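Asks: I am sharing work25.cif, which consists of mmCIF, C-alpha atoms:
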```
data_target
#
loop_
_atom_site.label_atom_id
_atom_site.label_comp_id
_atom_site.auth_asym_id
_atom_site.auth_seq_id
_atom_site.Cartn_x
_atom_site.Cartn_y
_atom_site.Cartn_z
CA MET A 1 161.76 -99.77 17.23
CA THR A 2 158.44 -97.93 17.29
CA GLU A 3 157.31 -94.49 16.27
CA HIS A 4 155.04 -92.21 18.26
CA ILE A 5 152.17 -90.89 16.15
CA THR A 6 149.06 -88.84 16.73
CA LEU A 7 145.94 -89.28 14.63
CA THR A 8 142.68 -87.41 14.85
CA VAL A 9 140.14 -90.19 14.41
CA ASN A 10 136.50 -89.25 14.05
CA GLY A 11 137.30 -85.94 15.68
CA VAL A 12 139.18 -87.39 18.67
CA SER A 13 142.96 -87.08 19.04
CA ARG A 14 144.59 -90.49 19.56
CA SER A 15 148.25 -91.16 20.32
CA LEU A 16 149.83 -94.48 19.39
CA GLU A 17 153.17 -96.25 19.44
CA VAL A 18 153.45 -98.18 16.19
CA GLU A 19 156.04 -100.16 14.31
CA PRO A 20 156.87 -98.39 11.03
CA ARG A 21 155.47 -101.36 9.09
CA ARG A 22 152.08 -101.11 10.79
CA LEU A 23 149.37 -100.44 8.23
CA LEU A 24 146.87 -97.71 8.92
CA VAL A 25 144.05 -100.25 8.80
CA GLN A 26 145.72 -102.30 11.54
CA ALA A 27 146.11 -99.23 13.70
CA ILE A 28 142.44 -98.41 13.18
CA ARG A 29 141.13 -101.91 13.80
CA GLU A 30 143.57 -103.42 16.28
CA ASP A 31 145.02 -100.46 18.19
CA LEU A 32 141.92 -98.27 18.24
CA GLY A 33 139.31 -101.07 18.18
CA LEU A 34 137.35 -99.52 15.32
CA THR A 35 136.47 -102.70 13.48
CA GLY A 36 133.91 -101.16 11.15
CA THR A 37 136.75 -100.66 8.67
CA HIS A 38 137.20 -104.02 6.97
CA ILE A 39 140.08 -105.88 5.33
CA GLY A 40 138.80 -107.75 2.30
CA CYS A 41 141.92 -108.53 0.27
CA ASP A 42 145.68 -108.58 0.35
CA THR A 43 146.15 -106.84 -2.96
CA SER A 44 144.91 -103.28 -2.38
CA GLN A 45 142.05 -103.83 -4.82
CA CYS A 46 138.83 -104.34 -2.87
CA GLY A 47 138.38 -101.01 -1.10
CA ALA A 48 136.68 -102.51 1.99
CA CYS A 49 139.26 -100.64 4.10
CA THR A 50 138.39 -97.23 2.61
CA VAL A 51 138.50 -94.38 5.12
CA GLN A 52 138.80 -90.65 4.68
CA LEU A 53 142.17 -89.00 5.20
CA ASP A 54 141.73 -85.23 5.55
CA GLY A 55 138.45 -85.69 3.68
CA MET A 56 139.81 -87.84 0.84
CA ALA A 57 138.89 -91.49 0.35
CA VAL A 58 142.00 -93.66 0.70
CA LYS A 59 142.65 -97.36 1.18
CA SER A 60 143.85 -97.72 4.76
CA CYS A 61 145.50 -101.05 3.87
CA SER A 62 147.78 -99.22 1.44
CA MET A 63 149.10 -96.61 3.81
CA LEU A 64 151.43 -96.90 6.76
CA ALA A 65 150.13 -95.60 10.07
CA VAL A 66 153.27 -93.43 10.29
CA GLN A 67 152.31 -91.78 6.98
CA ALA A 68 149.05 -90.65 8.61
CA ASP A 69 150.79 -89.04 11.60
CA GLY A 70 149.22 -85.67 12.36
CA ARG A 71 146.36 -86.15 9.95
CA SER A 72 142.63 -86.53 10.34
CA ILE A 73 140.88 -89.85 9.71
CA THR A 74 137.16 -90.50 9.39
CA THR A 75 135.99 -94.10 9.61
CA ILE A 76 132.51 -95.54 9.20
CA GLU A 77 132.07 -95.14 12.98
CA GLY A 78 132.34 -91.39 12.41
CA MET A 79 129.51 -91.27 9.88
CA GLY A 80 126.36 -91.97 11.86
CA THR A 81 124.95 -93.92 14.76
CA PRO A 82 122.40 -96.76 14.82
CA GLU A 83 119.86 -94.26 16.13
CA ASN A 84 120.79 -91.50 13.74
CA LEU A 85 122.10 -92.90 10.48
CA HIS A 86 124.09 -90.77 8.09
CA PRO A 87 122.02 -90.07 4.95
CA ILE A 88 124.28 -92.41 2.95
CA GLN A 89 123.77 -95.19 5.49
CA ALA A 90 120.03 -94.56 5.45
CA ALA A 91 119.98 -94.69 1.66
CA PHE A 92 121.87 -98.01 1.60
CA TRP A 93 119.18 -99.36 3.94
CA GLU A 94 116.29 -97.88 1.93
CA LYS A 95 117.60 -99.02 -1.45
CA HIS A 96 118.88 -102.40 -0.29
CA GLY A 97 122.42 -101.39 -1.22
CA LEU A 98 123.94 -104.25 0.72
CA GLN A 99 123.54 -107.95 1.18
CA CYS A 100 126.36 -109.45 3.27
CA GLY A 101 127.54 -105.99 4.25
CA PHE A 102 131.26 -106.67 4.14
CA CYS A 103 132.05 -104.06 1.50
CA THR A 104 129.52 -101.55 2.83
CA PRO A 105 131.75 -99.44 5.12
CA GLY A 106 134.21 -98.90 2.28
CA MET A 107 131.40 -98.23 -0.21
CA ILE A 108 129.90 -95.62 2.11
CA MET A 109 133.24 -93.88 2.64
CA ALA A 110 133.85 -93.82 -1.12
CA ALA A 111 130.31 -92.52 -1.69
CA ALA A 112 130.84 -89.76 0.89
CA ASP A 113 133.98 -88.70 -0.98
CA LEU A 114 132.07 -88.55 -4.27
CA ILE A 115 129.08 -86.63 -2.91
CA ALA A 116 131.39 -84.10 -1.23
CA ARG A 117 132.94 -83.39 -4.65
CA ASP A 118 129.76 -83.66 -6.72
CA ASP A 119 126.36 -83.45 -5.10
CA ASP A 120 124.48 -84.59 -8.22
CA PRO A 121 126.48 -87.42 -9.77
CA SER A 122 125.20 -89.37 -12.76
CA ASP A 123 125.04 -93.15 -12.60
CA ASP A 124 128.21 -93.31 -14.72
CA GLU A 125 129.99 -90.97 -12.33
CA ILE A 126 128.85 -93.07 -9.37
CA ARG A 127 130.14 -96.26 -11.00
CA HIS A 128 133.45 -94.54 -11.76
CA ALA A 129 133.74 -93.32 -8.16
CA ILE A 130 133.29 -96.82 -6.72
CA GLU A 131 135.67 -98.42 -9.21
CA GLY A 132 138.06 -99.06 -6.33
CA ASN A 133 135.44 -100.89 -4.25
CA ILE A 134 134.47 -104.47 -4.93
CA CYS A 135 131.10 -105.97 -3.96
CA ARG A 136 130.53 -109.67 -4.52
CA CYS A 137 126.82 -109.75 -3.61
CA THR A 138 124.75 -106.97 -5.08
CA GLY A 139 125.83 -106.64 -8.66
CA TYR A 140 126.26 -102.95 -7.76
CA GLN A 141 122.88 -101.83 -9.11
CA ASN A 142 121.36 -101.10 -5.72
CA ILE A 143 124.57 -99.52 -4.49
CA VAL A 144 124.32 -97.07 -7.39
CA LEU A 145 120.66 -96.43 -6.56
CA ALA A 146 121.56 -95.89 -2.90
CA ILE A 147 124.31 -93.39 -3.68
CA ARG A 148 122.05 -91.53 -6.11
CA GLU A 149 119.34 -91.41 -3.41
CA ALA A 150 121.83 -90.27 -0.75
CA ALA A 151 123.07 -87.49 -3.01
CA ALA A 152 119.49 -86.34 -3.60
CA VAL A 153 118.72 -86.34 0.11
CA MET A 154 121.91 -84.50 0.98
CA ARG A 155 121.40 -82.04 -1.88
CA ALA A 156 117.97 -81.24 -0.60
CA GLY A 157 119.57 -80.65 2.77
CA SER A 158 116.70 -82.45 4.37
CA ALA A 159 116.92 -84.88 7.23
CA ALA A 160 117.77 -88.49 6.55
CA PRO A 161 114.82 -90.47 5.25
CA ALA A 162 112.86 -91.93 8.10
CA ALA A 163 113.79 -95.45 9.05
CA PRO A 164 111.24 -98.03 7.91
CA ALA A 165 108.27 -98.27 10.19
CA SER A 166 108.65 -100.93 12.82
CA GLN A 167 107.13 -104.22 11.82
CA ALA A 168 104.67 -104.33 14.66
CA MET B 1 149.82 -110.04 5.00
CA ILE B 2 151.88 -107.26 6.50
CA PRO B 3 155.28 -106.04 5.35
CA ALA B 4 158.44 -107.48 6.88
CA ALA B 5 160.00 -105.14 9.41
CA PHE B 6 162.11 -102.26 8.15
CA GLU B 7 163.84 -99.19 9.51
CA TYR B 8 162.00 -95.95 8.82
CA THR B 9 163.24 -92.42 8.31
CA ARG B 10 160.93 -89.50 7.70
CA ALA B 11 162.93 -86.95 5.74
CA GLY B 12 162.26 -83.36 6.73
CA SER B 13 163.99 -81.87 3.71
CA LEU B 14 165.31 -82.86 0.32
CA ASP B 15 168.91 -82.77 1.59
CA GLU B 16 167.96 -85.09 4.44
CA ALA B 17 166.27 -87.44 1.97
CA ILE B 18 169.32 -87.52 -0.31
CA ALA B 19 171.57 -88.28 2.65
CA ALA B 20 169.18 -90.95 3.91
CA VAL B 21 168.83 -92.91 0.66
CA ARG B 22 172.58 -93.53 0.32
CA GLY B 23 173.47 -97.13 0.85
CA GLY B 24 170.44 -98.80 -0.59
CA ALA B 25 167.31 -97.45 1.09
CA LYS B 26 164.03 -97.36 -0.82
CA VAL B 27 161.90 -94.25 -1.09
CA ILE B 28 158.22 -94.07 -0.21
CA ALA B 29 156.07 -91.16 -1.40
CA GLY B 30 152.35 -91.98 -1.72
CA GLY B 31 153.07 -95.66 -1.20
CA GLN B 32 150.53 -96.89 -3.74
CA SER B 33 153.09 -98.99 -5.62
CA ILE B 34 155.59 -100.00 -2.96
CA LEU B 35 153.19 -100.89 -0.15
CA PRO B 36 151.24 -103.51 -2.14
CA LEU B 37 154.59 -105.08 -3.09
CA LEU B 38 155.86 -105.03 0.51
CA LYS B 39 152.57 -106.47 1.81
CA LEU B 40 152.69 -109.36 -0.63
CA ARG B 41 156.41 -109.71 0.17
CA LEU B 42 157.21 -109.49 -3.52
CA ALA B 43 159.72 -106.89 -2.37
CA SER B 44 161.47 -106.24 0.91
CA VAL B 45 163.44 -103.28 2.18
CA ASP B 46 165.87 -102.80 5.04
CA ARG B 47 165.28 -99.07 5.21
CA LEU B 48 162.43 -96.94 3.96
CA VAL B 49 162.87 -93.19 3.52
CA ASP B 50 159.56 -91.31 3.62
CA ILE B 51 159.74 -88.21 1.42
CA GLY B 52 156.00 -87.57 1.68
CA ARG B 53 156.28 -84.42 3.78
CA ILE B 54 158.85 -82.49 1.77
CA ALA B 55 156.84 -79.47 0.66
CA GLU B 56 159.27 -78.40 -2.08
CA LEU B 57 158.59 -81.67 -3.93
CA ARG B 58 154.93 -80.83 -4.34
CA GLY B 59 153.28 -78.51 -6.84
CA PHE B 60 152.20 -77.79 -10.38
CA ARG B 61 154.36 -75.03 -11.83
CA PRO B 62 153.53 -73.69 -15.31
CA GLN B 63 156.38 -71.47 -16.60
CA ALA B 64 156.12 -68.28 -18.63
CA ASP B 65 157.68 -69.97 -21.67
CA GLY B 66 154.89 -72.56 -21.82
CA SER B 67 156.90 -75.31 -20.18
CA LEU B 68 155.65 -77.05 -17.06
CA GLU B 69 157.19 -78.62 -13.98
CA ILE B 70 155.19 -80.97 -11.80
CA GLY B 71 156.70 -81.74 -8.39
CA ALA B 72 157.32 -85.43 -7.89
CA LEU B 73 155.02 -85.59 -4.84
CA THR B 74 152.05 -84.17 -6.74
CA THR B 75 149.25 -86.70 -6.48
CA TYR B 76 147.13 -87.74 -9.44
CA ALA B 77 144.21 -85.93 -7.75
CA GLU B 78 146.24 -82.72 -7.37
CA TRP B 79 147.43 -82.95 -10.96
CA ARG B 80 143.82 -83.47 -12.10
CA ALA B 81 142.72 -80.39 -10.18
CA ALA B 82 145.54 -78.27 -11.63
CA THR B 83 145.67 -79.30 -15.29
CA THR B 84 143.84 -77.31 -17.92
CA TYR B 85 145.18 -79.21 -20.93
CA PRO B 86 142.22 -80.61 -22.90
CA GLY B 87 141.94 -84.37 -22.53
CA VAL B 88 144.37 -84.74 -19.65
CA ARG B 89 141.68 -85.00 -16.97
CA GLU B 90 139.95 -87.74 -18.93
CA ALA B 91 143.26 -89.60 -19.08
CA ILE B 92 143.92 -89.20 -15.34
CA ASP B 93 140.46 -90.59 -14.64
CA GLN B 94 141.57 -93.82 -16.31
CA ILE B 95 144.47 -94.27 -13.88
CA ALA B 96 143.78 -96.71 -11.02
CA ASP B 97 140.82 -95.68 -8.82
CA VAL B 98 139.89 -92.62 -6.81
CA GLN B 99 141.49 -93.87 -3.59
CA VAL B 100 144.80 -94.53 -5.34
CA ARG B 101 144.63 -91.20 -7.20
CA HIS B 102 144.36 -89.42 -3.83
CA LEU B 103 147.71 -90.82 -2.63
CA GLY B 104 149.60 -92.01 -5.70
CA THR B 105 152.13 -89.50 -7.04
CA VAL B 106 153.37 -88.68 -10.53
CA GLY B 107 156.95 -89.04 -9.33
CA GLY B 108 156.19 -92.45 -7.89
CA ALA B 109 154.77 -93.57 -11.23
CA ILE B 110 157.98 -92.57 -13.01
CA ALA B 111 160.37 -93.89 -10.35
CA HIS B 112 158.53 -97.22 -10.05
CA ALA B 113 158.80 -97.75 -13.84
CA ASP B 114 155.95 -100.21 -13.94
CA PRO B 115 155.68 -101.59 -17.50
CA ALA B 116 151.91 -101.05 -17.47
CA SER B 117 151.62 -97.72 -15.67
CA ASP B 118 149.70 -95.01 -17.54
CA PHE B 119 151.58 -91.86 -16.54
CA PRO B 120 154.91 -92.78 -18.19
CA ALA B 121 153.17 -93.05 -21.59
CA ILE B 122 151.49 -89.69 -21.09
CA ALA B 123 154.75 -88.07 -19.96
CA LEU B 124 156.58 -89.53 -22.98
CA ALA B 125 153.99 -88.05 -25.34
CA PHE B 126 154.61 -84.63 -23.78
CA ASP B 127 158.42 -84.98 -24.20
CA GLY B 128 158.84 -85.17 -20.43
CA SER B 129 162.09 -85.30 -18.51
CA ALA B 130 162.94 -86.51 -15.02
CA VAL B 131 164.59 -83.99 -12.71
CA LEU B 132 166.90 -85.91 -10.37
CA ARG B 133 168.78 -84.60 -7.37
CA GLY B 134 171.75 -86.35 -5.79
CA PRO B 135 174.81 -85.51 -3.69
CA GLY B 136 176.49 -84.10 -6.81
CA GLY B 137 173.61 -81.81 -7.72
CA GLU B 138 170.78 -81.93 -10.23
CA ARG B 139 170.51 -83.59 -13.62
CA VAL B 140 167.64 -83.59 -16.08
CA VAL B 141 167.15 -86.81 -18.04
CA PRO B 142 164.71 -87.17 -20.95
CA LEU B 143 162.15 -89.91 -20.23
CA ASP B 144 162.77 -91.23 -23.74
CA GLY B 145 165.52 -93.69 -22.82
CA PHE B 146 165.00 -93.35 -19.05
CA PHE B 147 163.00 -96.58 -18.69
CA GLU B 148 165.45 -99.45 -18.98
CA GLY B 149 163.34 -102.48 -18.15
CA ALA B 150 160.45 -103.67 -16.02
CA PHE B 151 160.65 -101.63 -12.79
CA VAL B 152 164.12 -100.37 -13.78
CA SER B 153 164.80 -96.71 -14.51
CA GLY B 154 167.81 -94.46 -14.80
CA ILE B 155 167.54 -93.18 -11.21
CA ARG B 156 170.82 -93.80 -9.38
CA ASP B 157 170.81 -95.25 -5.87
CA ASP B 158 171.77 -91.95 -4.29
CA GLU B 159 169.28 -89.82 -6.23
CA ILE B 160 165.75 -88.61 -5.54
CA LEU B 161 163.32 -87.82 -8.34
CA VAL B 162 162.21 -84.28 -7.57
CA ALA B 163 160.04 -83.30 -10.54
CA ILE B 164 158.80 -84.10 -14.02
CA ARG B 165 159.35 -81.38 -16.60
CA ARG B 166 158.03 -80.88 -20.08
CA PRO B 167 158.83 -78.23 -22.68
CA ALA B 168 156.21 -75.95 -24.21
CA VAL B 169 153.73 -77.95 -26.26
CA PRO B 170 153.56 -76.89 -29.94
CA ALA B 171 150.77 -74.38 -30.53
CA GLY B 172 147.42 -76.00 -31.22
CA ALA B 173 148.57 -79.51 -30.30
CA GLY B 174 145.89 -81.91 -29.15
CA PHE B 175 146.26 -84.72 -26.65
CA GLY B 176 144.57 -88.11 -26.51
CA TYR B 177 144.93 -91.23 -24.38
CA ALA B 178 143.39 -94.57 -25.33
CA LYS B 179 143.61 -97.52 -22.98
CA LEU B 180 142.63 -101.17 -23.02
CA ALA B 181 142.46 -101.93 -19.31
CA GLN B 182 142.76 -105.33 -17.71
CA PRO B 183 139.28 -105.49 -16.17
CA ALA B 184 140.26 -106.69 -12.68
CA SER B 185 143.41 -104.70 -12.01
CA GLY B 186 142.74 -101.68 -14.19
CA TYR B 187 146.31 -101.76 -15.45
CA SER B 188 146.94 -101.17 -19.13
CA ILE B 189 147.12 -104.15 -21.41
CA VAL B 190 147.72 -101.42 -23.94
CA GLY B 191 147.84 -97.68 -23.26
CA VAL B 192 148.71 -95.15 -25.94
CA ALA B 193 149.15 -91.41 -25.42
CA ALA B 194 149.41 -89.03 -28.38
CA VAL B 195 150.29 -85.34 -28.71
CA ILE B 196 149.73 -84.11 -32.25
CA ALA B 197 149.81 -80.72 -33.95
CA LYS B 198 148.76 -79.77 -37.47
CA SER B 199 150.05 -77.04 -39.69
CA GLY B 200 148.13 -76.22 -42.82
CA GLY B 201 146.61 -79.50 -43.91
CA SER B 202 149.30 -81.79 -42.58
CA ILE B 203 150.65 -83.10 -39.30
CA SER B 204 153.62 -81.06 -38.09
CA HIS B 205 154.31 -82.68 -34.72
CA ALA B 206 153.60 -86.14 -33.32
CA ARG B 207 154.67 -87.83 -30.10
CA ILE B 208 153.35 -91.25 -29.20
CA GLY B 209 153.94 -92.89 -25.78
CA VAL B 210 153.04 -96.53 -25.29
CA THR B 211 152.63 -98.52 -22.06
CA GLY B 212 151.66 -102.08 -21.22
CA VAL B 213 153.06 -103.44 -24.45
CA HIS B 214 156.82 -103.78 -23.88
CA GLU B 215 158.95 -104.45 -20.81
CA HIS B 216 158.97 -100.69 -20.30
CA PRO B 217 157.03 -97.69 -21.63
CA TYR B 218 158.43 -96.40 -24.92
CA ARG B 219 158.02 -93.82 -27.65
CA ALA B 220 156.66 -95.28 -30.88
CA THR B 221 158.99 -93.29 -33.12
CA ASP B 222 158.04 -95.13 -36.30
CA VAL B 223 154.41 -94.10 -35.79
CA GLU B 224 155.53 -90.52 -35.21
CA ALA B 225 157.66 -90.49 -38.36
CA ALA B 226 154.81 -91.86 -40.46
CA LEU B 227 152.40 -89.24 -39.11
CA VAL B 228 154.53 -86.15 -39.60
CA GLY B 229 153.93 -84.71 -43.03
CA SER B 230 150.85 -86.86 -43.61
CA ASP B 231 147.41 -85.42 -44.30
CA ALA B 232 145.82 -86.72 -41.05
CA SER B 233 143.30 -88.73 -43.05
CA GLY B 234 141.89 -91.97 -41.70
CA LYS B 235 144.07 -93.82 -44.15
CA ALA B 236 147.21 -91.99 -43.01
CA ILE B 237 146.36 -92.62 -39.33
CA ALA B 238 145.84 -96.33 -39.93
CA ALA B 239 149.07 -96.59 -41.91
CA ALA B 240 151.01 -94.85 -39.13
CA ALA B 241 149.36 -96.77 -36.26
CA ALA B 242 150.41 -100.03 -37.92
CA HIS B 243 153.96 -99.27 -36.71
CA ALA B 244 152.94 -99.21 -33.02
CA THR B 245 155.13 -102.13 -32.00
CA ASP B 246 157.94 -101.75 -34.54
CA GLY B 247 161.24 -102.76 -33.01
CA VAL B 248 159.90 -103.81 -29.60
CA GLU B 249 159.44 -107.22 -28.06
CA VAL B 250 155.74 -107.42 -27.19
CA ASN B 251 154.68 -108.69 -23.74
CA SER B 252 152.72 -111.90 -23.51
CA ASP B 253 150.75 -112.99 -20.46
CA ILE B 254 147.52 -114.72 -19.43
CA HIS B 255 145.50 -111.58 -20.16
CA ALA B 256 146.83 -110.92 -23.65
CA ASP B 257 149.27 -112.93 -25.70
CA ALA B 258 151.81 -111.13 -27.85
CA THR B 259 149.79 -111.42 -31.08
CA TYR B 260 146.62 -110.00 -29.53
CA ARG B 261 148.49 -107.32 -27.59
CA ALA B 262 150.34 -106.18 -30.72
CA ALA B 263 147.07 -106.03 -32.65
CA MET B 264 145.48 -103.98 -29.87
CA ALA B 265 148.49 -101.66 -29.76
CA VAL B 266 147.73 -100.77 -33.37
CA VAL B 267 144.02 -100.27 -32.68
CA TYR B 268 144.60 -98.13 -29.58
CA ALA B 269 147.36 -96.12 -31.26
CA GLY B 270 144.83 -95.25 -33.95
CA ARG B 271 142.26 -94.22 -31.34
CA ALA B 272 144.75 -92.09 -29.40
CA ILE B 273 145.83 -90.35 -32.60
CA GLU B 274 142.23 -89.67 -33.59
CA ALA B 275 141.45 -88.32 -30.10
CA ALA B 276 144.49 -86.04 -30.22
CA LEU B 277 143.63 -84.79 -33.72
CA ALA B 278 140.05 -84.10 -32.66
CA ARG B 279 141.43 -81.72 -30.00
CA ALA B 280 144.16 -80.22 -32.20
CA GLY B 281 143.54 -76.64 -33.29
#
```
Have the structure of the file written as structure tokens, please.

Replies:
Amino acid sequence: MTEHITLTVNGVSRSLEVEPRRLLVQAIREDLGLTGTHIGCDTSQCGACTVQLDGMAVKSCSMLAVQADGRSITTIEGMGTPENLHPIQAAFWEKHGLQCGFCTPGMIMAAADLIARDDDPSDDEIRHAIEGNICRCTGYQNIVLAIREAAAVMRAGSAAPAAPASQA
Amino acid sequence: MIPAAFEYTRAGSLDEAIAAVRGGAKVIAGGQSILPLLKLRLASVDRLVDIGRIAELRGFRPQADGSLEIGALTTYAEWRAATTYPGVREAIDQIADVQVRHLGTVGGAIAHADPASDFPAIALAFDGSAVLRGPGGERVVPLDGFFEGAFVSGIRDDEILVAIRRPAVPAGAGFGYAKLAQPASGYSIVGVAAVIAKSGGSISHARIGVTGVHEHPYRATDVEAALVGSDASGKAIAAAAAHATDGVEVNSDIHADATYRAAMAVVYAGRAIEAALARAG
């Protein structure tokens, strides 16, 4: 028995036939092929699967695809492109906010949620906002710096910081 | 892991949901408690009834008489946006994480009856009641006595929790929530909510809700009794808080054995009382 659902994913309407037990993250990764959203745990704790549902950060591993029927999803693929990074992506690059990169898509989606609510968060507020996202490499310090930088850039409404000069 | 297969019904109305839950179906609202259990296969369901789209179950409804009704489907984030009661936002910010607060519902927290969930303690301190709807109509059950054991509440199999209600809070009452969180999960090892009012120089009203400590959230009535009529001094607070675990069997696990947890219940009861008094007018 499957259910017919329609999701708007990164601005594009997508129709799917899913089993009711199918998790949103499986629909995103396996049915839609958007593998930027990661699965890091089985316990709903790590936040690597964070996406935005109607603009709110949610854990896509802790939601059924059928619950998202008719709603709008933004994944990391909807944030920027390799040629034109989103300011949060650019700031993670600039501030070395990642090492292995596994948690990064979820961190960026959580950061986007925070900055949309508060464009000048304190370091404490940033740490509180990424409480649901676990990073096992960085010790979080550079993630906090990156989010603070991204907020400043977005607040200023300026273009993303230029990518580092090529190492010619 | 993924959940074992189940049948799924999306209820379009409360009546549909009540009809659909008969015969042993489980209800899903935000899913932030049941889905982790289904994924780990700590629980399984044959039928899942999704009440998440029933508009009448949503909403924050202050009444003219000072009472308040919060629809069961109201998320923590929606509650946070709506509440104006001093200290409540700070308490909500201690519940889970932002992603969970966007989907998790106040009704789910009550219906799930997790022994370490924060909201039941807060609702107990505000004298909350559960509004339940079944085939025979509606009944309103005080939360004091509603939690019967770990993950066991007074909701009957054919009922849906539709709202949480509280009466008017005594004039000038302050609220405080103090929580010792398990660092990895964020759940309460000890969580204490206090609503306290003063009249003249003494405490005239005290409600203390405790979570994480016993097999279910409870009201610490001995603490309340010791506070009322006292002078709200540090000495009186400490003497009252010492009763935090009177009459309850204290949980013991790898994170906190019963002796430590009981000691922390006293400490955090004292902090919650102080926080409530600091906001009391």

Asks: Can you build me a table of chain A residues sitting at most 10 Å from chain B, with the closest atom pair per residue and its distance in Å to one decimal, using all atoms listed in the file, sorted by chain and residue number, as CSV?

Replies:
```
residue,atom,partner,partner_atom,distance
A:Met1,CA,B:Glu7,CA,8.0
A:Thr2,CA,B:Tyr8,CA,9.4
A:Glu3,CA,B:Tyr8,CA,8.9
A:Glu19,CA,B:Ala5,CA,8.0
A:Pro20,CA,B:Tyr8,CA,6.1
A:Arg21,CA,B:Ala5,CA,5.9
A:Arg22,CA,B:Ile2,CA,7.5
A:Leu23,CA,B:Ile2,CA,7.5
A:Gln26,CA,B:Ile2,CA,9.4
A:Cys41,CA,B:Met1,CA,9.3
A:Asp42,CA,B:Met1,CA,6.4
A:Thr43,CA,B:Pro36,CA,6.1
A:Ser44,CA,B:Pro36,CA,6.3
A:Gln45,CA,B:Ser185,CA,7.4
A:Gly47,CA,B:Gln99,CA,8.2
A:Thr50,CA,B:Gln99,CA,7.7
A:Val51,CA,B:Gln99,CA,9.2
A:Gln52,CA,B:Gln99,CA,9.3
A:Leu53,CA,B:His102,CA,9.3
A:Met56,CA,B:His102,CA,6.7
A:Ala57,CA,B:Gln99,CA,5.3
A:Val58,CA,B:Gln99,CA,4.3
A:Lys59,CA,B:Gln99,CA,6.0
A:Ser60,CA,B:Gln99,CA,9.5
A:Cys61,CA,B:Pro36,CA,8.7
A:Ser62,CA,B:Leu35,CA,5.9
A:Met63,CA,B:Gly31,CA,6.5
A:Leu64,CA,B:Leu35,CA,8.2
A:Val66,CA,B:Arg10,CA,9.0
A:Gln67,CA,B:Gly52,CA,7.7
A:Ala110,CA,B:Gln99,CA,8.0
A:Asp113,CA,B:Val98,CA,9.2
A:Leu114,CA,B:Val98,CA,9.2
A:His128,CA,B:Asp97,CA,8.0
A:Ala129,CA,B:Val98,CA,6.3
A:Ile130,CA,B:Val98,CA,7.8
A:Glu131,CA,B:Asp97,CA,5.8
A:Gly132,CA,B:Asp97,CA,5.0
A:Asn133,CA,B:Asp97,CA,8.8
A:Ile134,CA,B:Ala184,CA,9.9
```

Asks: Please write as a PyMOL selection string the full residue list that the PyMOL selection byres ((chain B and resi 279) around 8) yields on this file.

Replies: chain B and resi 86-87+173-176+275-278+280-281

Asks: Taking the file as shown, find all residues satisfying the PyMOL selection byres ((chain B and resi 239) around 10) and write them as a list in words.

Replies: Val223, Ala226, Leu227, Ser233, Gly234, Lys235, Ala236, Ile237, Ala238, Ala240, Ala241, Ala242, His243, Val266 and Gly270 of chain B

Asks: To one decimal place in Å, what is the distance between atom CA of Ile208 of chain B and atom CA of Gln63 of chain B?

Replies: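 Computing it gives 23.6 Å between the two atoms.
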
Asks: Write out as a PyMOL selection string the residues lying within 7 Å of segment 68-80 of chain A, counting only C-alpha atoms and excluding same-chain residues fewer than 2 positions away.

Replies: chain A and resi 5-10+36-37+51-54+64-66+82+84-86+105+109

Asks: To one decimal place in Å, what is the distance between atom CA of Gly137 of chain B and atom CA of Asp118 of chain B?

Replies: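 One can read the atom CA of Gly137 of chain B to atom CA of Asp118 of chain B distance as 29.0 Å.
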
Asks: Can you translate the PyMOL selection byres ((chain A and resi 93) around 12) into the concrete residues it hits in this file, as a short mmCIF file (atom, residue, chain, number, x, y, z; two decimals) with C-alpha atoms, keeping the file's coordinate frame?

Replies:
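expr-v8.cif was written with the following content:
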```cif
data_model
loop_
_atom_site.label_atom_id
_atom_site.label_comp_id
_atom_site.auth_asym_id
_atom_site.auth_seq_id
_atom_site.Cartn_x
_atom_site.Cartn_y
_atom_site.Cartn_z
CA PRO A 82 122.40 -96.76 14.82
CA LEU A 85 122.10 -92.90 10.48
CA HIS A 86 124.09 -90.77 8.09
CA PRO A 87 122.02 -90.07 4.95
CA ILE A 88 124.28 -92.41 2.95
CA GLN A 89 123.77 -95.19 5.49
CA ALA A 90 120.03 -94.56 5.45
CA ALA A 91 119.98 -94.69 1.66
CA PHE A 92 121.87 -98.01 1.60
CA GLU A 94 116.29 -97.88 1.93
CA LYS A 95 117.60 -99.02 -1.45
CA HIS A 96 118.88 -102.40 -0.29
CA GLY A 97 122.42 -101.39 -1.22
CA LEU A 98 123.94 -104.25 0.72
CA GLN A 99 123.54 -107.95 1.18
CA GLY A 101 127.54 -105.99 4.25
CA THR A 104 129.52 -101.55 2.83
CA ILE A 108 129.90 -95.62 2.11
CA ASN A 142 121.36 -101.10 -5.72
CA ILE A 143 124.57 -99.52 -4.49
CA LEU A 145 120.66 -96.43 -6.56
CA ALA A 146 121.56 -95.89 -2.90
CA ILE A 147 124.31 -93.39 -3.68
CA GLU A 149 119.34 -91.41 -3.41
CA ALA A 150 121.83 -90.27 -0.75
CA ALA A 160 117.77 -88.49 6.55
CA PRO A 161 114.82 -90.47 5.25
CA ALA A 162 112.86 -91.93 8.10
CA ALA A 163 113.79 -95.45 9.05
CA PRO A 164 111.24 -98.03 7.91
#
```
